[in-house]
file input39.cif (mmCIF, C-alpha atoms)
data_structure
#
loop_
_atom_site.label_atom_id
_atom_site.label_comp_id
_atom_site.auth_asym_id
_atom_site.auth_seq_id
_atom_site.Cartn_x
_atom_site.Cartn_y
_atom_site.Cartn_z
CA MET A 1382 85.76 -53.73 -81.85
CA SER A 1383 83.98 -52.05 -84.77
CA TYR A 1384 82.84 -53.65 -88.01
CA GLN A 1385 82.65 -52.11 -91.50
CA ASN A 1386 79.04 -53.21 -92.04
CA GLU A 1387 76.24 -55.33 -90.60
CA VAL A 1388 77.16 -58.37 -92.72
CA GLN A 1389 80.69 -58.40 -91.28
CA ALA A 1390 79.28 -57.99 -87.76
CA ALA A 1391 76.84 -60.90 -88.32
CA GLU A 1392 79.66 -63.12 -89.58
CA ALA A 1393 81.79 -62.23 -86.53
CA PHE A 1394 78.81 -63.08 -84.31
CA GLN A 1395 78.41 -66.52 -85.92
CA SER A 1396 82.15 -67.17 -85.69
CA SER A 1397 82.26 -66.19 -81.99
CA TYR A 1398 79.24 -68.37 -81.27
CA LYS A 1399 80.90 -71.41 -82.88
CA LYS A 1400 84.06 -70.81 -80.81
CA LEU A 1401 81.93 -70.51 -77.66
CA VAL A 1402 80.09 -73.76 -78.35
CA ALA A 1403 83.41 -75.54 -79.00
CA GLU A 1404 84.92 -74.28 -75.73
CA VAL A 1405 81.84 -75.06 -73.62
CA GLY A 1406 81.63 -78.48 -75.33
CA LYS A 1407 85.03 -79.40 -73.84
CA VAL A 1408 83.42 -79.42 -70.38
CA ILE A 1409 79.66 -79.81 -70.93
CA ILE A 1410 78.77 -82.95 -72.89
CA GLY A 1411 75.40 -83.70 -74.51
CA GLN A 1412 73.57 -80.46 -73.69
CA ASP A 1413 74.03 -78.60 -77.01
CA GLU A 1414 70.47 -77.24 -77.19
CA ILE A 1415 70.55 -75.93 -73.60
CA VAL A 1416 73.92 -74.24 -74.24
CA LYS A 1417 72.50 -72.60 -77.37
CA GLN A 1418 69.44 -71.32 -75.50
CA VAL A 1419 71.46 -69.97 -72.55
CA LEU A 1420 73.76 -68.11 -74.97
CA THR A 1421 70.72 -66.84 -76.90
CA ALA A 1422 69.32 -65.36 -73.66
CA ILE A 1423 72.65 -63.66 -72.92
CA PHE A 1424 72.84 -62.13 -76.42
CA CYS A 1425 69.20 -60.95 -76.08
CA GLN A 1426 69.91 -59.32 -72.68
CA GLY A 1427 67.51 -61.78 -71.03
CA HIS A 1428 67.69 -64.10 -68.01
CA CYS A 1429 67.17 -67.87 -67.68
CA LEU A 1430 65.36 -70.16 -65.27
CA LEU A 1431 66.94 -73.63 -65.45
CA VAL A 1432 64.90 -76.53 -64.08
CA GLY A 1433 66.47 -79.95 -63.62
CA VAL A 1434 67.13 -82.72 -61.11
CA PRO A 1435 70.41 -82.63 -59.11
CA GLY A 1436 73.58 -83.82 -60.81
CA LEU A 1437 72.89 -82.57 -64.35
CA ALA A 1438 75.74 -79.99 -64.23
CA LYS A 1439 73.55 -76.89 -64.03
CA THR A 1440 76.14 -75.04 -61.93
CA LEU A 1441 79.07 -76.29 -64.01
CA LEU A 1442 77.29 -75.20 -67.19
CA ILE A 1443 77.01 -71.55 -66.14
CA GLN A 1444 80.53 -71.50 -64.64
CA THR A 1445 81.91 -72.82 -67.93
CA ILE A 1446 79.99 -70.26 -69.99
CA SER A 1447 81.24 -67.42 -67.77
CA SER A 1448 84.83 -68.66 -68.26
CA ALA A 1449 84.44 -68.84 -72.04
CA LEU A 1450 82.91 -65.34 -72.06
CA ASP A 1451 85.59 -63.76 -69.82
CA LEU A 1452 82.93 -62.53 -67.38
CA SER A 1453 82.93 -62.25 -63.59
CA PHE A 1454 80.81 -64.92 -61.92
CA ASN A 1455 79.12 -65.20 -58.51
CA ARG A 1456 77.02 -68.00 -57.11
CA ILE A 1457 74.30 -67.38 -54.50
CA GLN A 1458 73.03 -70.48 -52.70
CA PHE A 1459 69.43 -69.66 -51.79
CA THR A 1460 68.35 -70.90 -48.34
CA PRO A 1461 65.30 -70.16 -46.13
CA ASP A 1462 67.34 -67.81 -43.89
CA LEU A 1463 68.89 -65.76 -46.73
CA MET A 1464 68.19 -62.02 -46.41
CA PRO A 1465 67.85 -59.44 -49.24
CA SER A 1466 71.05 -57.70 -48.06
CA ASP A 1467 72.92 -61.01 -48.49
CA ILE A 1468 72.26 -60.60 -52.23
CA THR A 1469 72.42 -56.86 -52.86
CA GLY A 1470 74.93 -55.81 -50.20
CA SER A 1471 74.59 -53.45 -47.25
CA GLU A 1472 75.92 -50.26 -45.67
CA THR A 1473 78.36 -50.58 -42.76
CA LEU A 1474 80.33 -48.11 -40.65
CA ASP A 1475 84.00 -47.79 -41.53
CA GLN A 1476 86.85 -46.86 -39.14
CA ASN A 1477 85.96 -43.15 -39.42
CA ARG A 1478 82.32 -43.89 -38.55
CA ASN A 1479 81.18 -43.09 -42.08
CA PHE A 1480 78.71 -45.29 -43.92
CA LYS A 1481 80.34 -47.43 -46.59
CA PHE A 1482 78.50 -49.66 -49.07
CA ILE A 1483 79.75 -53.25 -49.26
CA LYS A 1484 78.68 -54.80 -52.57
CA GLY A 1485 76.82 -58.11 -52.46
CA PRO A 1486 77.26 -61.08 -54.84
CA VAL A 1487 74.72 -59.63 -57.31
CA PHE A 1488 77.52 -57.30 -58.46
CA ALA A 1489 78.92 -59.62 -61.13
CA HIS A 1490 78.40 -60.09 -64.86
CA ILE A 1491 76.85 -63.55 -64.38
CA VAL A 1492 74.92 -64.44 -61.22
CA LEU A 1493 73.87 -68.02 -60.49
CA ALA A 1494 70.82 -68.03 -58.19
CA ASP A 1495 71.02 -71.65 -57.07
CA GLU A 1496 67.68 -73.19 -55.96
CA ILE A 1497 65.91 -69.84 -56.05
CA ASN A 1498 62.66 -71.37 -54.76
CA ARG A 1499 64.30 -72.29 -51.43
CA THR A 1500 64.14 -68.71 -50.11
CA PRO A 1501 61.10 -66.60 -49.05
CA PRO A 1502 59.48 -64.10 -51.48
CA LYS A 1503 61.07 -61.08 -49.76
CA THR A 1504 64.54 -62.34 -50.67
CA GLN A 1505 63.47 -63.56 -54.13
CA ALA A 1506 62.19 -60.03 -54.80
CA ALA A 1507 65.67 -58.60 -54.09
CA LEU A 1508 66.65 -59.95 -57.51
CA LEU A 1509 63.67 -58.30 -59.26
CA GLU A 1510 65.06 -54.77 -59.50
CA ALA A 1511 68.49 -56.09 -60.46
CA MET A 1512 67.02 -58.22 -63.27
CA GLN A 1513 64.67 -55.55 -64.59
CA GLU A 1514 66.59 -52.31 -64.01
CA GLY A 1515 70.21 -53.47 -63.97
CA ALA A 1516 70.69 -51.70 -60.62
CA VAL A 1517 70.03 -52.06 -56.89
CA THR A 1518 68.83 -49.40 -54.45
CA ILE A 1519 70.26 -49.36 -50.91
CA ALA A 1520 69.18 -46.69 -48.39
CA GLY A 1521 67.84 -44.52 -51.21
CA GLN A 1522 71.10 -44.71 -53.19
CA ARG A 1523 71.01 -46.38 -56.62
CA TYR A 1524 73.98 -48.53 -57.61
CA PRO A 1525 74.15 -49.62 -61.28
CA LEU A 1526 75.33 -53.16 -62.03
CA GLU A 1527 78.11 -54.03 -64.46
CA ARG A 1528 77.07 -54.81 -68.00
CA PRO A 1529 76.51 -57.29 -69.45
CA PHE A 1530 74.40 -58.64 -66.57
CA PHE A 1531 72.81 -62.08 -66.66
CA VAL A 1532 70.92 -64.05 -63.99
CA LEU A 1533 70.58 -67.81 -64.27
CA ALA A 1534 68.33 -69.26 -61.59
CA THR A 1535 68.01 -72.99 -60.94
CA GLN A 1536 65.16 -75.05 -59.49
CA ASN A 1537 64.87 -78.68 -58.48
CA PRO A 1538 61.53 -80.00 -59.88
CA ILE A 1539 61.36 -83.02 -57.56
CA GLU A 1540 61.80 -81.84 -53.98
CA GLN A 1541 59.06 -79.29 -53.24
CA GLU A 1542 58.98 -79.54 -49.43
CA GLY A 1543 60.08 -76.29 -47.79
CA THR A 1544 60.09 -74.31 -51.05
CA TYR A 1545 58.50 -71.01 -52.05
CA PRO A 1546 57.15 -71.04 -55.64
CA LEU A 1547 58.20 -67.99 -57.67
CA PRO A 1548 55.31 -65.55 -58.19
CA GLU A 1549 54.15 -65.02 -61.78
CA ALA A 1550 55.48 -61.43 -61.75
CA GLN A 1551 59.00 -62.71 -61.10
CA LEU A 1552 58.71 -65.68 -63.47
CA ASP A 1553 57.83 -63.19 -66.21
CA ARG A 1554 61.22 -61.49 -65.75
CA PHE A 1555 62.96 -64.60 -67.09
CA MET A 1556 63.25 -64.73 -70.87
CA PHE A 1557 63.57 -68.53 -71.01
CA ASN A 1558 62.46 -71.42 -68.82
CA LEU A 1559 64.74 -74.32 -69.76
CA TRP A 1560 64.16 -77.93 -68.70
CA LEU A 1561 67.37 -79.93 -68.38
CA ASP A 1562 66.80 -83.61 -69.13
CA TYR A 1563 68.90 -86.70 -68.47
CA PRO A 1564 71.71 -87.17 -71.03
CA GLU A 1565 71.57 -89.82 -73.75
CA HIS A 1566 73.38 -93.12 -73.08
CA ALA A 1567 76.40 -92.29 -75.27
CA ALA A 1568 76.66 -88.78 -73.78
CA GLU A 1569 76.51 -90.16 -70.23
CA VAL A 1570 79.28 -92.65 -71.03
CA ALA A 1571 81.41 -89.75 -72.33
CA ILE A 1572 80.61 -87.68 -69.20
CA VAL A 1573 81.68 -90.49 -66.87
CA LYS A 1574 84.90 -91.10 -68.84
CA SER A 1575 85.85 -87.40 -68.84
CA THR A 1576 85.07 -86.72 -65.18
CA THR A 1577 86.63 -89.77 -63.49
CA THR A 1578 90.24 -89.22 -64.51
CA SER A 1579 92.97 -86.95 -63.13
CA THR A 1580 92.75 -84.56 -66.10
CA LYS A 1581 90.21 -81.78 -65.87
CA ALA A 1582 88.77 -80.07 -68.95
CA THR A 1583 88.58 -76.28 -68.86
CA ALA A 1584 87.10 -73.68 -71.20
CA ASN A 1585 89.31 -70.87 -72.49
CA CYS A 1586 88.08 -67.30 -72.85
CA VAL A 1587 87.08 -66.63 -76.47
CA VAL A 1588 84.71 -63.62 -76.23
CA SER A 1589 85.20 -60.43 -74.20
CA ALA A 1590 82.59 -58.42 -72.30
CA ALA A 1591 82.92 -55.58 -74.84
CA GLU A 1592 82.18 -57.97 -77.71
CA ILE A 1593 79.11 -59.33 -75.91
CA LEU A 1594 77.74 -55.78 -75.56
CA GLU A 1595 78.30 -55.23 -79.30
CA PHE A 1596 76.58 -58.52 -80.15
CA GLN A 1597 73.63 -57.61 -77.90
CA GLN A 1598 73.28 -54.37 -79.86
CA LEU A 1599 73.61 -56.25 -83.16
CA VAL A 1600 70.72 -58.61 -82.23
CA ARG A 1601 68.47 -55.61 -81.55
CA GLN A 1602 69.34 -54.09 -84.95
CA VAL A 1603 68.18 -57.14 -86.93
CA PRO A 1604 65.19 -56.15 -89.12
CA VAL A 1605 62.00 -58.18 -88.62
CA PRO A 1606 59.29 -58.57 -91.31
CA ASP A 1607 55.79 -57.50 -90.27
CA ASN A 1608 54.40 -61.00 -90.79
CA VAL A 1609 56.87 -62.39 -88.22
CA VAL A 1610 55.89 -59.77 -85.63
CA GLU A 1611 52.21 -60.49 -86.39
CA TYR A 1612 52.80 -64.22 -85.91
CA ALA A 1613 54.62 -63.69 -82.56
CA VAL A 1614 51.89 -61.41 -81.22
CA GLY A 1615 49.17 -63.73 -82.56
CA LEU A 1616 50.83 -66.72 -80.86
CA THR A 1617 50.90 -64.88 -77.53
CA ARG A 1618 47.28 -63.79 -77.90
CA ARG A 1619 46.23 -67.40 -78.61
CA THR A 1620 47.35 -68.33 -75.09
CA ARG A 1621 44.89 -65.95 -73.37
CA PRO A 1622 41.67 -67.80 -72.44
CA ASN A 1623 38.30 -66.11 -72.94
CA THR A 1624 39.67 -63.32 -75.15
CA SER A 1625 38.93 -62.55 -78.81
CA GLY A 1626 42.14 -64.15 -80.12
CA ALA A 1627 42.13 -67.21 -77.85
CA HIS A 1628 42.76 -70.71 -79.18
CA ALA A 1629 40.08 -73.32 -78.37
CA LYS A 1630 42.63 -75.34 -76.33
CA ALA A 1631 43.49 -72.20 -74.32
CA ASN A 1632 39.82 -71.70 -73.43
CA GLN A 1633 39.58 -75.33 -72.44
CA TYR A 1634 42.82 -75.91 -70.53
CA LEU A 1635 44.46 -72.61 -69.50
CA GLU A 1636 43.81 -70.44 -66.45
CA TRP A 1637 46.07 -67.56 -67.55
CA GLY A 1638 47.85 -66.65 -70.76
CA ALA A 1639 51.11 -64.87 -71.57
CA GLY A 1640 51.53 -61.09 -71.39
CA PRO A 1641 53.15 -58.66 -73.87
CA ARG A 1642 56.64 -59.46 -72.58
CA ALA A 1643 56.25 -62.90 -74.17
CA SER A 1644 55.75 -61.28 -77.60
CA GLN A 1645 58.85 -59.14 -77.08
CA TYR A 1646 61.00 -62.13 -76.14
CA LEU A 1647 59.61 -64.22 -79.02
CA VAL A 1648 60.77 -61.56 -81.49
CA LEU A 1649 64.14 -60.99 -79.77
CA GLY A 1650 64.79 -64.73 -79.54
CA ALA A 1651 63.84 -65.15 -83.21
CA LYS A 1652 66.30 -62.41 -84.18
CA CYS A 1653 69.16 -64.14 -82.37
CA ASN A 1654 68.17 -67.58 -83.66
CA ALA A 1655 68.19 -66.22 -87.23
CA LEU A 1656 71.68 -64.71 -86.82
CA LEU A 1657 73.04 -67.94 -85.34
CA GLY A 1658 71.57 -69.82 -88.32
CA GLY A 1659 73.31 -67.55 -90.85
CA LYS A 1660 70.21 -65.49 -91.75
CA PHE A 1661 69.99 -61.71 -91.64
CA SER A 1662 66.29 -61.58 -90.81
CA PRO A 1663 64.05 -64.00 -88.84
CA ASP A 1664 61.10 -65.93 -90.22
CA VAL A 1665 58.18 -67.74 -88.56
CA GLU A 1666 60.32 -70.85 -88.00
CA ASP A 1667 62.70 -68.80 -85.81
CA VAL A 1668 59.76 -67.74 -83.64
CA LYS A 1669 58.67 -71.38 -83.32
CA ALA A 1670 62.24 -72.36 -82.34
CA VAL A 1671 62.10 -70.20 -79.19
CA ALA A 1672 58.35 -70.48 -78.44
CA LEU A 1673 58.53 -73.32 -75.89
CA PRO A 1674 61.13 -71.81 -73.50
CA VAL A 1675 59.51 -68.37 -73.82
CA LEU A 1676 55.92 -69.49 -73.15
CA ARG A 1677 56.44 -72.46 -70.82
CA HIS A 1678 56.45 -70.40 -67.60
CA ARG A 1679 54.02 -67.71 -68.77
CA VAL A 1680 50.90 -69.83 -69.19
CA VAL A 1681 49.10 -71.49 -66.28
CA ARG A 1682 47.10 -74.70 -66.67
CA ASN A 1683 43.66 -74.99 -65.09
CA PHE A 1684 42.42 -77.87 -62.95
CA LYS A 1685 40.90 -79.66 -65.96
CA ALA A 1686 44.28 -79.78 -67.73
CA GLU A 1687 46.02 -81.10 -64.62
CA ALA A 1688 43.29 -83.71 -64.04
CA GLU A 1689 43.55 -84.96 -67.63
CA GLY A 1690 47.37 -84.94 -67.58
CA ILE A 1691 47.66 -82.31 -70.33
CA THR A 1692 51.20 -80.88 -70.17
CA ILE A 1693 52.26 -77.31 -70.90
CA GLU A 1694 54.53 -78.61 -73.66
CA ARG A 1695 51.62 -80.37 -75.40
CA LEU A 1696 49.42 -77.26 -75.14
CA ILE A 1697 52.12 -75.01 -76.64
CA ALA A 1698 52.62 -77.53 -79.46
CA ASP A 1699 48.88 -77.33 -80.18
CA LEU A 1700 49.02 -73.52 -80.17
CA LEU A 1701 51.89 -73.58 -82.67
#
call {"tool": "encode", "arguments": {"input": "input39.cif", "output": "structure tokens"}}
result
Amino acid sequence: MSYQNEVQAAEAFQSSYKKLVAEVGKVIIGQDEIVKQVLTAIFCQGHCLLVGVPGLAKTLLIQTISSALDLSFNRIQFTPDLMPSDITGSETLDQNRNFKFIKGPVFAHIVLADEINRTPPKTQAALLEAMQEGAVTIAGQRYPLERPFFVLATQNPIEQEGTYPLPEAQLDRFMFNLWLDYPEHAAEVAIVKSTTTSTKATANCVVSAAEILEFQQLVRQVPVPDNVVEYAVGLTRRTRPNTSGAHAKANQYLEWGAGPRASQYLVLGAKCNALLGGKFSPDVEDVKAVALPVLRHRVVRNFKAEAEGITIERLIADLL
């Protein structure tokens, strides 16, 4: 689908987003901000790490979004005995004794990596190349993945026994780290009413894969004023303790700060946030709107912060 000009394309983007939110809202109740942020990551060609206790519909959320987007969907349940080939696929001998590649579940538009911290680092790393390069390499042969490609990984923040924390290098591959909270009372009442009857709500497809690729390109074409780029880079630099641009709170409470990828995702997220809000160029407020999910997993608290109960969220609010 081609548009006559950028204004028409932006209006189509906003219209499609509203349709998406309406369709997802039929199934997912009371998580509007999370839905917006997941869709923002998809339109920015990023990936999401979703953290929340069991029973908050993390799996249902991503299944519903994939249905509304007309995208193929695979779920990988991460366990301690999962091997890299269980994700990427492997070569086997066919009837004629020739090697044949059998694709793994990573070959889908949307991949749900359920409880990603339940599997050892070797298997976690199997997702790294797929997330960064959009391809997997098996026996020296490179296999490109379908586009658009989006990984949503989930973690349970409570049960940490028998888990393998994601290394910083892999955490950095995720555009957003989203914390799913308990629903409000009214929303929970609506959830219980809608899920305890014989009728089941479903989301209809409203956006095609081709349209998503066009919208991803549109987001990248949004012009950004220099002051917004300066603010995003300055915000990232304020998180780096014991450097020239460090904030006093960073020197006091942070062990490590965010790298340049944080600045890139702040600007990309601001571009998408501006388009969704009906603007044709982002401002500083759009950067602030995406700052928490972008920075949350890229800064590491020191012992002093943990001892005093200073949260990452509070530190990022101070930096803003």
call {"tool": "closest_atom_pairs", "arguments": {"input": "input39.cif", "of": "segment 1437-1495 of chain A", "to": "segment 1581-1603 of chain A", "cutoff": "12 Å", "atoms": "all atoms listed in the file", "output": "JSON lines"}}
result
{"residue": "A:Leu1441", "atom": "CA", "partner": "A:Thr1583", "partner_atom": "CA", "distance": 10.7}
{"residue": "A:Leu1442", "atom": "CA", "partner": "A:Ala1584", "partner_atom": "CA", "distance": 10.7}
{"residue": "A:Ile1443", "atom": "CA", "partner": "A:Ala1584", "partner_atom": "CA", "distance": 11.5}
{"residue": "A:Gln1444", "atom": "CA", "partner": "A:Ala1584", "partner_atom": "CA", "distance": 9.5}
{"residue": "A:Thr1445", "atom": "CA", "partner": "A:Ala1584", "partner_atom": "CA", "distance": 6.2}
{"residue": "A:Ile1446", "atom": "CA", "partner": "A:Ala1584", "partner_atom": "CA", "distance": 8.0}
{"residue": "A:Ser1447", "atom": "CA", "partner": "A:Cys1586", "partner_atom": "CA", "distance": 8.5}
{"residue": "A:Ser1448", "atom": "CA", "partner": "A:Cys1586", "partner_atom": "CA", "distance": 5.8}
{"residue": "A:Ala1449", "atom": "CA", "partner": "A:Cys1586", "partner_atom": "CA", "distance": 4.0}
{"residue": "A:Leu1450", "atom": "CA", "partner": "A:Val1588", "partner_atom": "CA", "distance": 4.9}
{"residue": "A:Asp1451", "atom": "CA", "partner": "A:Cys1586", "partner_atom": "CA", "distance": 5.3}
{"residue": "A:Leu1452", "atom": "CA", "partner": "A:Ala1590", "partner_atom": "CA", "distance": 6.4}
{"residue": "A:Ser1453", "atom": "CA", "partner": "A:Ala1590", "partner_atom": "CA", "distance": 9.5}
{"residue": "A:Ala1489", "atom": "CA", "partner": "A:Ala1590", "partner_atom": "CA", "distance": 11.8}
{"residue": "A:His1490", "atom": "CA", "partner": "A:Ala1590", "partner_atom": "CA", "distance": 8.7}
{"residue": "A:Ile1491", "atom": "CA", "partner": "A:Ala1590", "partner_atom": "CA", "distance": 11.0}
call {"tool": "atom_distance", "arguments": {"input": "input39.cif", "atom1": "atom CA of Lys1481 of chain A", "atom2": "atom CA of Leu1533 of chain A"}}
result
28.7 Å
call {"tool": "residues_around", "arguments": {"input": "input39.cif", "residues": "Ala1672 of chain A", "least_positions_apart": "5", "cutoff": "10 Å", "atoms": "all atoms listed in the file", "output": "CSV table (one decimal) with C-alpha atoms, in the coordinates of the input"}}
result
chain,number,residue,atom,x,y,z
A,1557,PHE,CA,63.6,-68.5,-71.0
A,1613,ALA,CA,54.6,-63.7,-82.6
A,1616,LEU,CA,50.8,-66.7,-80.9
A,1617,THR,CA,50.9,-64.9,-77.5
A,1643,ALA,CA,56.2,-62.9,-74.2
A,1644,SER,CA,55.8,-61.3,-77.6
A,1646,TYR,CA,61.0,-62.1,-76.1
A,1647,LEU,CA,59.6,-64.2,-79.0
A,1648,VAL,CA,60.8,-61.6,-81.5
A,1650,GLY,CA,64.8,-64.7,-79.5
A,1651,ALA,CA,63.8,-65.2,-83.2
A,1666,GLU,CA,60.3,-70.8,-88.0
A,1667,ASP,CA,62.7,-68.8,-85.8
A,1677,ARG,CA,56.4,-72.5,-70.8
A,1697,ILE,CA,52.1,-75.0,-76.6
A,1698,ALA,CA,52.6,-77.5,-79.5
A,1700,LEU,CA,49.0,-73.5,-80.2
A,1701,LEU,CA,51.9,-73.6,-82.7
call {"tool": "atom_distance", "arguments": {"input": "input39.cif", "atom1": "atom CA of Lys1439 of chain A", "atom2": "atom CA of Asn1498 of chain A"}}
result
15.3 Å
call {"tool": "resolve_selection", "arguments": {"input": "input39.cif", "expression": "the PyMOL selection byres ((chain A and resi 1467) around 12)", "output": "PyMOL selection string"}}
result
chain A and resi 1456-1460+1462-1466+1468-1472+1483-1488+1500+1503-1505+1507-1508
call {"tool": "residues_near_point", "arguments": {"input": "input39.cif", "point": "(80.1, -60.6, -88.6)", "cutoff": "12 Å", "atoms": "all atoms listed in the file", "output": "list in words"}}
result
Met1382, Ser1383, Tyr1384, Gln1385, Asn1386, Glu1387, Val1388, Gln1389, Ala1390, Ala1391, Glu1392, Ala1393, Phe1394, Gln1395, Ser1396, Ser1397, Tyr1398, Glu1592, Glu1595, Phe1596, Leu1599, Val1600, Leu1656, Leu1657, Gly1659, Lys1660 and Phe1661 of chain A
call {"tool": "residues_around", "arguments": {"input": "input39.cif", "residues": "Asn1632 of chain A", "least_positions_apart": "5", "cutoff": "9 Å", "atoms": "only C-alpha atoms", "output": "PyMOL selection string"}}
result
chain A and resi 1620-1624+1627
call {"tool": "closest_residue", "arguments": {"input": "input39.cif", "among": "A:Val1605, A:Leu1526, A:Val1665, A:Leu1696", "to": "Tyr1634 of chain A", "atoms": "all atoms listed in the file"}}
result
A:Leu1696
call {"tool": "atom_distance", "arguments": {"input": "input39.cif", "atom1": "atom CA of Ile1497 of chain A", "atom2": "atom CA of Arg1679 of chain A"}}
result
17.5 Å
call {"tool": "residues_around", "arguments": {"input": "input39.cif", "residues": "segment 1685-1691 of chain A", "least_positions_apart": "3", "cutoff": "9 Å", "atoms": "all atoms listed in the file", "output": "JSON, numbers by chain"}}
result
{"A": [1633, 1634, 1635, 1682, 1694, 1695, 1696]}
call {"tool": "closest_residue", "arguments": {"input": "input39.cif", "among": "A:Gly1433, A:Pro1529, A:Pro1641, A:Pro1501", "to": "Ile1415 of chain A", "atoms": "all atoms listed in the file"}}
result
A:Gly1433
call {"tool": "residues_near_point", "arguments": {"input": "input39.cif", "point": "(60.2, -71.6, -56.0)", "cutoff": "10 Å", "atoms": "only C-alpha atoms", "output": "VMD selection string"}}
result
chain A and resid 1496 to 1502 1505 1535 to 1538 1541 1543 to 1548 1552
call {"tool": "closest_residue", "arguments": {"input": "input39.cif", "among": "A:Arg1642, A:Ala1534, A:Thr1692, A:Val1681", "to": "Leu1559 of chain A", "atoms": "all atoms listed in the file"}}
result
A:Ala1534
call {"tool": "resolve_selection", "arguments": {"input": "input39.cif", "expression": "the PyMOL selection byres ((chain A and resi 1532) around 8)", "output": "PyMOL selection string"}}
result
chain A and resi 1428-1429+1491-1494+1512+1530-1531+1533-1534
call {"tool": "resolve_selection", "arguments": {"input": "input39.cif", "expression": "the PyMOL selection byres ((chain A and resi 1413) around 12)", "output": "list in words"}}
result
Lys1399, Leu1401, Val1402, Ala1403, Glu1404, Val1405, Gly1406, Lys1407, Val1408, Ile1409, Ile1410, Gly1411, Gln1412, Glu1414, Ile1415, Val1416, Lys1417, Gln1418, Val1419, Leu1420, Leu1442, Leu1561, Asp1562, Pro1564, Glu1565 and Ala1568 of chain A
call {"tool": "write_last_selection", "arguments": {"input": "input39.cif", "atoms": "C-alpha atoms", "output": "tab-separated table (two decimals), in the coordinates of the input"}}
result
chain	number	residue	atom	x	y	z
A	1399	LYS	CA	80.90	-71.41	-82.88
A	1401	LEU	CA	81.93	-70.51	-77.66
A	1402	VAL	CA	80.09	-73.76	-78.35
A	1403	ALA	CA	83.41	-75.54	-79.00
A	1404	GLU	CA	84.92	-74.28	-75.73
A	1405	VAL	CA	81.84	-75.06	-73.62
A	1406	GLY	CA	81.63	-78.48	-75.33
A	1407	LYS	CA	85.03	-79.40	-73.84
A	1408	VAL	CA	83.42	-79.42	-70.38
A	1409	ILE	CA	79.66	-79.81	-70.93
A	1410	ILE	CA	78.77	-82.95	-72.89
A	1411	GLY	CA	75.40	-83.70	-74.51
A	1412	GLN	CA	73.57	-80.46	-73.69
A	1414	GLU	CA	70.47	-77.24	-77.19
A	1415	ILE	CA	70.55	-75.93	-73.60
A	1416	VAL	CA	73.92	-74.24	-74.24
A	1417	LYS	CA	72.50	-72.60	-77.37
A	1418	GLN	CA	69.44	-71.32	-75.50
A	1419	VAL	CA	71.46	-69.97	-72.55
A	1420	LEU	CA	73.76	-68.11	-74.97
A	1442	LEU	CA	77.29	-75.20	-67.19
A	1561	LEU	CA	67.37	-79.93	-68.38
A	1562	ASP	CA	66.80	-83.61	-69.13
A	1564	PRO	CA	71.71	-87.17	-71.03
A	1565	GLU	CA	71.57	-89.82	-73.75
A	1568	ALA	CA	76.66	-88.78	-73.78
